[in-house]
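Engineer: Next comes coords-v1.tsv, TSV, C-alpha atoms:
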```
chain	number	residue	atom	x	y	z
O	1	VAL	CA	-48.80	-19.67	-237.07
O	2	GLY	CA	-45.27	-20.94	-236.48
O	3	PHE	CA	-45.41	-19.95	-232.82
O	4	ILE	CA	-48.61	-21.94	-232.26
O	5	ILE	CA	-47.26	-24.96	-234.17
O	6	GLY	CA	-44.15	-24.93	-231.96
O	7	ILE	CA	-46.28	-24.79	-228.81
O	8	LEU	CA	-48.43	-27.69	-230.04
O	9	ILE	CA	-45.29	-29.79	-230.67
O	10	GLY	CA	-44.20	-29.03	-227.12
O	11	VAL	CA	-47.65	-29.97	-225.81
O	12	CYS	CA	-47.29	-33.37	-227.53
O	13	PHE	CA	-44.10	-33.91	-225.52
O	14	LEU	CA	-45.88	-32.87	-222.30
O	15	LYS	CA	-48.62	-35.41	-223.00
O	16	LYS	CA	-45.92	-38.06	-223.49
O	17	GLY	CA	-44.53	-37.34	-220.02
O	18	PHE	CA	-41.85	-34.71	-220.67
O	19	SER	CA	-40.45	-33.28	-217.45
O	20	LEU	CA	-37.25	-31.52	-216.36
O	21	ARG	CA	-37.71	-33.19	-212.95
O	22	ARG	CA	-38.56	-31.43	-209.73
O	23	SER	CA	-37.11	-28.10	-208.64
O	24	TYR	CA	-34.86	-27.60	-205.60
O	25	ASP	CA	-34.60	-24.73	-203.15
O	26	LEU	CA	-31.35	-22.80	-203.57
O	27	PRO	CA	-29.61	-20.14	-201.44
O	28	LEU	CA	-30.99	-16.59	-201.60
O	29	THR	CA	-27.80	-15.42	-203.34
O	30	ASP	CA	-28.61	-17.61	-206.36
O	31	GLY	CA	-31.99	-15.93	-206.72
O	32	ILE	CA	-30.86	-12.31	-206.47
O	33	LEU	CA	-27.64	-12.56	-208.49
O	34	LEU	CA	-29.11	-11.84	-211.93
O	35	PRO	CA	-31.44	-9.04	-210.74
O	36	ILE	CA	-28.36	-7.39	-209.20
O	37	LEU	CA	-26.50	-7.76	-212.51
O	38	GLN	CA	-29.48	-6.26	-214.33
O	39	ILE	CA	-29.42	-3.23	-212.03
O	40	GLY	CA	-25.70	-2.93	-212.74
O	41	ALA	CA	-26.40	-3.05	-216.49
O	42	LEU	CA	-28.98	-0.26	-216.07
O	43	VAL	CA	-26.39	1.87	-214.27
O	44	LEU	CA	-23.93	1.31	-217.14
O	45	VAL	CA	-26.55	2.36	-219.69
O	46	VAL	CA	-27.27	5.56	-217.75
O	47	VAL	CA	-23.62	6.42	-217.09
O	48	ALA	CA	-22.55	5.35	-220.62
O	49	PRO	CA	-18.82	4.78	-219.96
O	50	ALA	CA	-16.42	4.73	-222.90
O	51	PHE	CA	-16.07	0.93	-222.92
O	52	ILE	CA	-19.82	0.43	-223.55
O	53	PHE	CA	-20.69	0.71	-227.24
O	54	PHE	CA	-24.12	1.86	-228.42
O	55	SER	CA	-25.71	1.42	-231.84
O	56	GLU	CA	-25.58	4.58	-233.91
O	57	ALA	CA	-28.74	6.04	-235.44
O	58	GLY	CA	-29.38	4.53	-238.85
O	59	ALA	CA	-27.04	1.58	-238.16
O	60	GLY	CA	-29.73	-0.86	-237.09
O	61	PRO	CA	-32.66	-1.42	-234.75
O	62	GLY	CA	-30.45	-1.22	-231.64
O	63	ALA	CA	-30.46	2.58	-231.91
O	64	LEU	CA	-34.27	2.72	-231.97
O	65	HIS	CA	-35.46	2.74	-228.38
O	66	ALA	CA	-37.61	4.75	-226.01
O	67	PRO	CA	-36.04	7.14	-223.46
O	68	ILE	CA	-34.53	5.21	-220.54
O	69	ILE	CA	-36.95	6.59	-217.94
O	70	ALA	CA	-39.97	5.73	-220.10
O	71	SER	CA	-38.60	2.23	-220.70
O	72	LEU	CA	-37.93	1.70	-217.00
O	73	VAL	CA	-41.37	2.89	-215.87
O	74	ALA	CA	-43.12	0.83	-218.56
O	75	GLY	CA	-41.00	-2.21	-217.72
O	76	LEU	CA	-41.77	-1.99	-214.01
O	77	LEU	CA	-45.49	-1.61	-214.70
O	78	VAL	CA	-45.62	-4.48	-217.18
O	79	GLY	CA	-43.51	-6.63	-214.84
O	80	ILE	CA	-45.90	-6.08	-211.94
O	81	LEU	CA	-48.96	-6.85	-214.07
O	82	ALA	CA	-47.32	-9.92	-215.65
O	83	GLN	CA	-46.27	-11.25	-212.25
O	84	LYS	CA	-49.69	-10.76	-210.69
O	85	SER	CA	-51.57	-12.23	-213.65
O	86	ARG	CA	-49.00	-15.00	-214.34
O	87	PHE	CA	-49.26	-13.91	-217.98
O	88	CYS	CA	-47.48	-16.15	-220.47
O	89	MET	CA	-48.01	-16.21	-224.23
O	90	VAL	CA	-46.98	-19.86	-224.45
O	91	GLY	CA	-48.99	-20.80	-221.37
O	92	GLY	CA	-52.15	-19.38	-222.93
O	93	VAL	CA	-52.10	-21.79	-225.88
O	94	ARG	CA	-50.73	-24.67	-223.78
O	95	ASN	CA	-53.41	-24.37	-221.10
O	96	ALA	CA	-56.17	-24.04	-223.69
O	97	VAL	CA	-55.08	-27.30	-225.34
O	98	LEU	CA	-54.27	-29.29	-222.21
O	99	TYR	CA	-56.81	-28.06	-219.65
O	100	LYS	CA	-59.41	-26.10	-221.66
O	101	ASP	CA	-58.39	-23.09	-219.55
O	102	TYR	CA	-58.63	-19.94	-221.69
O	103	ASN	CA	-57.75	-17.23	-219.14
O	104	LEU	CA	-54.14	-16.71	-220.25
O	105	LEU	CA	-55.11	-17.03	-223.92
O	106	ILE	CA	-57.70	-14.26	-223.53
O	107	GLY	CA	-54.92	-12.07	-222.07
O	108	PHE	CA	-52.68	-12.84	-225.06
O	109	VAL	CA	-55.42	-11.95	-227.57
O	110	SER	CA	-56.31	-8.81	-225.57
O	111	ILE	CA	-52.73	-7.55	-225.85
O	112	LEU	CA	-52.68	-8.08	-229.62
O	113	ILE	CA	-55.99	-6.26	-230.08
O	114	SER	CA	-55.01	-3.41	-227.72
O	115	ALA	CA	-51.67	-2.91	-229.46
O	116	LEU	CA	-53.37	-2.85	-232.88
O	117	VAL	CA	-56.04	-0.36	-231.80
O	118	LEU	CA	-53.55	1.96	-230.08
O	119	ASN	CA	-51.18	1.87	-233.07
O	120	VAL	CA	-54.01	2.82	-235.42
O	121	ILE	CA	-55.14	5.65	-233.12
O	122	LEU	CA	-51.62	7.00	-232.59
O	123	GLN	CA	-50.62	6.74	-236.24
O	124	ASN	CA	-53.71	8.71	-237.29
O	125	THR	CA	-52.88	11.38	-234.68
O	126	VAL	CA	-49.24	11.60	-235.76
O	127	ALA	CA	-50.12	11.54	-239.44
O	128	ALA	CA	-52.47	14.46	-238.96
O	129	GLY	CA	-49.67	16.54	-237.42
O	130	LEU	CA	-46.74	15.47	-239.60
O	131	GLY	CA	-48.45	14.62	-242.83
O	132	LYS	CA	-47.24	10.99	-242.88
O	133	SER	CA	-48.16	7.66	-241.31
O	134	PHE	CA	-45.92	5.43	-239.20
O	135	PHE	CA	-48.22	2.41	-238.97
O	136	LYS	CA	-48.45	-0.27	-241.63
O	137	LEU	CA	-50.22	-3.60	-241.27
O	138	GLY	CA	-48.37	-6.64	-242.63
O	139	PHE	CA	-44.80	-7.88	-243.08
O	140	ASP	CA	-43.82	-5.99	-246.22
O	141	GLY	CA	-41.83	-2.80	-245.74
O	142	GLN	CA	-41.46	-3.14	-241.97
O	143	PRO	CA	-38.18	-2.12	-240.27
O	144	VAL	CA	-35.75	-5.09	-240.22
O	145	ALA	CA	-38.56	-7.59	-241.00
O	146	HIS	CA	-38.50	-9.80	-244.09
O	147	THR	CA	-41.27	-11.52	-246.05
O	148	ASP	CA	-39.87	-15.07	-246.19
O	149	GLY	CA	-42.88	-16.83	-244.67
O	150	LEU	CA	-41.21	-20.23	-244.31
O	151	TRP	CA	-38.28	-19.04	-242.20
O	152	ASN	CA	-40.43	-16.57	-240.28
O	153	ALA	CA	-42.60	-19.53	-239.31
O	154	LEU	CA	-39.74	-21.97	-238.60
O	155	GLY	CA	-38.00	-19.43	-236.36
O	156	MET	CA	-41.17	-19.06	-234.31
O	157	VAL	CA	-41.72	-22.83	-234.25
O	158	LEU	CA	-38.37	-23.00	-232.45
O	159	VAL	CA	-39.40	-20.24	-230.01
O	160	GLY	CA	-42.73	-21.90	-229.20
O	161	PHE	CA	-41.26	-25.40	-228.85
O	162	ALA	CA	-38.33	-24.30	-226.66
O	163	SER	CA	-40.60	-22.13	-224.49
O	164	VAL	CA	-42.89	-25.07	-223.70
O	165	LEU	CA	-39.90	-27.22	-222.72
O	166	LEU	CA	-38.62	-24.37	-220.53
O	167	GLY	CA	-42.00	-23.86	-218.90
O	168	GLY	CA	-42.71	-20.33	-220.10
O	169	CYS	CA	-42.24	-17.71	-222.83
O	170	PRO	CA	-39.35	-15.20	-222.79
O	171	LEU	CA	-41.50	-12.66	-220.89
O	172	ARG	CA	-42.40	-15.30	-218.30
O	173	GLN	CA	-38.71	-16.20	-217.92
O	174	LEU	CA	-37.91	-12.54	-217.16
O	175	VAL	CA	-40.69	-12.37	-214.58
O	176	MET	CA	-39.60	-15.61	-212.90
O	177	THR	CA	-36.02	-14.31	-212.85
O	178	GLY	CA	-37.27	-11.31	-210.87
O	179	GLU	CA	-39.00	-13.74	-208.52
O	180	GLY	CA	-35.67	-15.46	-207.82
O	181	ASN	CA	-35.93	-18.50	-210.10
O	182	ALA	CA	-32.33	-19.51	-210.89
O	183	ASP	CA	-33.37	-21.72	-213.84
O	184	SER	CA	-35.09	-18.75	-215.46
O	185	ALA	CA	-32.04	-16.60	-214.75
O	186	ILE	CA	-29.88	-19.05	-216.72
O	187	THR	CA	-32.47	-18.93	-219.52
O	188	VAL	CA	-32.36	-15.12	-219.63
O	189	ILE	CA	-28.54	-15.16	-219.71
O	190	GLY	CA	-28.80	-17.61	-222.61
O	191	MET	CA	-31.14	-15.26	-224.49
O	192	ILE	CA	-28.75	-12.33	-223.99
O	193	PHE	CA	-25.70	-14.25	-225.17
O	194	GLY	CA	-27.72	-15.82	-227.99
O	195	ALA	CA	-28.78	-12.40	-229.25
O	196	ALA	CA	-25.18	-11.13	-229.13
O	197	PHE	CA	-23.94	-14.29	-230.89
O	198	ALA	CA	-26.61	-13.97	-233.60
O	199	HIS	CA	-25.70	-10.37	-234.41
O	200	ASN	CA	-21.94	-10.89	-234.33
O	201	PHE	CA	-21.78	-14.09	-236.37
O	202	SER	CA	-24.25	-13.33	-239.18
O	203	LEU	CA	-27.12	-15.39	-237.80
O	204	ALA	CA	-29.61	-12.54	-237.43
O	205	SER	CA	-32.05	-11.83	-240.25
O	206	SER	CA	-32.52	-8.41	-241.84
O	207	GLY	CA	-34.89	-6.77	-244.27
O	208	ALA	CA	-33.03	-8.64	-247.02
O	209	GLY	CA	-34.17	-11.95	-245.54
O	210	PRO	CA	-32.79	-14.74	-243.35
O	211	THR	CA	-29.07	-15.47	-243.54
O	212	PRO	CA	-27.63	-18.91	-244.44
O	213	ASN	CA	-26.08	-19.15	-240.96
O	214	GLY	CA	-29.40	-18.20	-239.41
O	215	LYS	CA	-31.19	-21.00	-241.26
O	216	ILE	CA	-28.61	-23.50	-240.03
O	217	ALA	CA	-29.00	-22.18	-236.47
O	218	VAL	CA	-32.79	-22.64	-236.58
O	219	ILE	CA	-32.46	-26.24	-237.80
O	220	VAL	CA	-29.81	-27.00	-235.16
O	221	GLY	CA	-32.03	-25.43	-232.51
O	222	LEU	CA	-34.98	-27.59	-233.50
O	223	ILE	CA	-32.80	-30.72	-233.40
O	224	VAL	CA	-31.49	-29.78	-229.94
O	225	CYS	CA	-35.05	-29.23	-228.66
O	226	LEU	CA	-36.16	-32.59	-230.07
O	227	PHE	CA	-33.18	-34.26	-228.39
O	228	VAL	CA	-33.86	-32.57	-225.03
O	229	GLY	CA	-37.55	-33.42	-225.33
O	230	CYS	CA	-36.93	-37.09	-226.12
O	231	MET	CA	-34.30	-37.52	-223.40
O	232	ASN	CA	-36.66	-36.15	-220.75
O	233	LEU	CA	-39.73	-38.22	-221.52
O	234	SER	CA	-41.02	-40.72	-219.00
O	235	SER	CA	-38.98	-43.95	-219.03
O	236	LYS	CA	-41.80	-45.90	-220.71
O	237	GLU	CA	-42.24	-43.38	-223.53
O	238	ARG	CA	-38.51	-42.97	-224.04
```
What is this structure when it is put down as structure tokens?

Structural biologist:
Amino acid sequence: VGFIIGILIGVCFLKKGFSLRRSYDLPLTDGILLPILQIGALVLVVVAPAFIFFSEAGAGPGALHAPIIASLVAGLLVGILAQKSRFCMVGGVRNAVLYKDYNLLIGFVSILISALVLNVILQNTVAAGLGKSFFKLGFDGQPVAHTDGLWNALGMVLVGFASVLLGGCPLRQLVMTGEGNADSAITVIGMIFGAAFAHNFSLASSGAGPTPNGKIAVIVGLIVCLFVGCMNLSSKER
């Protein structure tokens, strides 16, 4: 709900003439710099040198991940499909509202339904073999998640609003980075540093709920987005 509300706020700004102005062609080196850095990061994860620290099991969600090869293969496959289909979670709702184009929205809904069905099938299979279930519908009792509906929604309002202003959801920004879009590369770098900042300065939520610093960060983020949106409206609207 919060995600959709955020997208609709962004759409209001688009209707009022919001634009980050036209794009410019940049040298090839600008486009390939971040993909090269990402390959370097993958090498570091595989080699695991002493100066790279990894989350320990039981110390948080960072330790819960698929094997590297499985992650890499799945990421390459999803990246190819997302690039070919121009899939964007934000774009689905935005296009449905602005242009009555439901193609991307159908893709978004299809992913949600597919994930739900596969989780139910897999959890029944696992439960039959291990005697316990790993799938639970809802917010309560989920790893790391909390049940504070207001701040769950407000956090996603910020994600939806910012994504519209940026021109795509986080997944779309990753895909466009791979295509050589320097603006998207800066966005991805911002997401990486933002995640690190959130976890090192008590902004990130936990199962106990949102933190005071996290609440302040969400409000500040919304104010910044409103400021950016207003300053980039057409001259008449501004």

Engineer: Show which residues sit within 12 Å of O:Val159, as number ranges by chain. Count all atoms listed in the file, and ignore same-chain residues fewer than 4 positions away.

Structural biologist: O: 1-10, 89-90, 152-155, 163-170, 191, 218, 221-222, 225

Engineer: Just the selected residues (C-alpha atoms), exported as an mmCIF file, in the coordinates of the input, please.

Structural biologist:
```cif
data_model
loop_
_atom_site.group_PDB
_atom_site.id
_atom_site.type_symbol
_atom_site.label_atom_id
_atom_site.label_comp_id
_atom_site.auth_asym_id
_atom_site.auth_seq_id
_atom_site.Cartn_x
_atom_site.Cartn_y
_atom_site.Cartn_z
ATOM 1 C CA VAL O 1 -48.800 -19.670 -237.070
ATOM 2 C CA GLY O 2 -45.270 -20.940 -236.480
ATOM 3 C CA PHE O 3 -45.410 -19.950 -232.820
ATOM 4 C CA ILE O 4 -48.610 -21.940 -232.260
ATOM 5 C CA ILE O 5 -47.260 -24.960 -234.170
ATOM 6 C CA GLY O 6 -44.150 -24.930 -231.960
ATOM 7 C CA ILE O 7 -46.280 -24.790 -228.810
ATOM 8 C CA LEU O 8 -48.430 -27.690 -230.040
ATOM 9 C CA ILE O 9 -45.290 -29.790 -230.670
ATOM 10 C CA GLY O 10 -44.200 -29.030 -227.120
ATOM 11 C CA MET O 89 -48.010 -16.210 -224.230
ATOM 12 C CA VAL O 90 -46.980 -19.860 -224.450
ATOM 13 C CA ASN O 152 -40.430 -16.570 -240.280
ATOM 14 C CA ALA O 153 -42.600 -19.530 -239.310
ATOM 15 C CA LEU O 154 -39.740 -21.970 -238.600
ATOM 16 C CA GLY O 155 -38.000 -19.430 -236.360
ATOM 17 C CA SER O 163 -40.600 -22.130 -224.490
ATOM 18 C CA VAL O 164 -42.890 -25.070 -223.700
ATOM 19 C CA LEU O 165 -39.900 -27.220 -222.720
ATOM 20 C CA LEU O 166 -38.620 -24.370 -220.530
ATOM 21 C CA GLY O 167 -42.000 -23.860 -218.900
ATOM 22 C CA GLY O 168 -42.710 -20.330 -220.100
ATOM 23 C CA CYS O 169 -42.240 -17.710 -222.830
ATOM 24 C CA PRO O 170 -39.350 -15.200 -222.790
ATOM 25 C CA MET O 191 -31.140 -15.260 -224.490
ATOM 26 C CA VAL O 218 -32.790 -22.640 -236.580
ATOM 27 C CA GLY O 221 -32.030 -25.430 -232.510
ATOM 28 C CA LEU O 222 -34.980 -27.590 -233.500
ATOM 29 C CA CYS O 225 -35.050 -29.230 -228.660
#
```

Engineer: Report as a PDB file with C-alpha atoms, in the coordinates of the input all protein, DNA and RNA residues lying within 10 Å of stretch 136-144 of chain O, evaluated on only C-alpha atoms, omitting residues in the same chain fewer than 6 positions from it.

Structural biologist:
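Done, and the output landed in out12.pdb:
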```pdb
ATOM      1  CA  GLY O  60     -29.730  -0.860-237.090  1.00  0.00           C
ATOM      2  CA  PRO O  61     -32.660  -1.420-234.750  1.00  0.00           C
ATOM      3  CA  LEU O 116     -53.370  -2.850-232.880  1.00  0.00           C
ATOM      4  CA  ASN O 119     -51.180   1.870-233.070  1.00  0.00           C
ATOM      5  CA  VAL O 120     -54.010   2.820-235.420  1.00  0.00           C
ATOM      6  CA  GLN O 123     -50.620   6.740-236.240  1.00  0.00           C
ATOM      7  CA  SER O 205     -32.050 -11.830-240.250  1.00  0.00           C
ATOM      8  CA  SER O 206     -32.520  -8.410-241.840  1.00  0.00           C
ATOM      9  CA  GLY O 207     -34.890  -6.770-244.270  1.00  0.00           C
ATOM     10  CA  ALA O 208     -33.030  -8.640-247.020  1.00  0.00           C
ATOM     11  CA  GLY O 209     -34.170 -11.950-245.540  1.00  0.00           C
TER      12      GLY O 209
END
```

Engineer: Which one is closest to O:Lys15: O:Leu150, O:Ala57, O:Ile192, O:Val97? Count all atoms listed in the file.

Structural biologist: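 Nearest candidate to O:Lys15 out of O:Leu150, O:Ala57, O:Ile192, O:Val97: O:Val97.
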
Engineer: Taking only C-alpha atoms into account, name the residue in O:Ser202, O:Ser85, O:Asn213, O:Asn181 that is nearest to O:Tyr24.

Structural biologist: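 Under the stated criterion, the closest residue is O:Asn181.
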
Engineer: With only C-alpha atoms as the basis for distance, which of O:Ala63, O:Leu37, O:Ala217, O:Leu174 is at the shortest distance from O:Gly194?

Structural biologist: O:Ala217
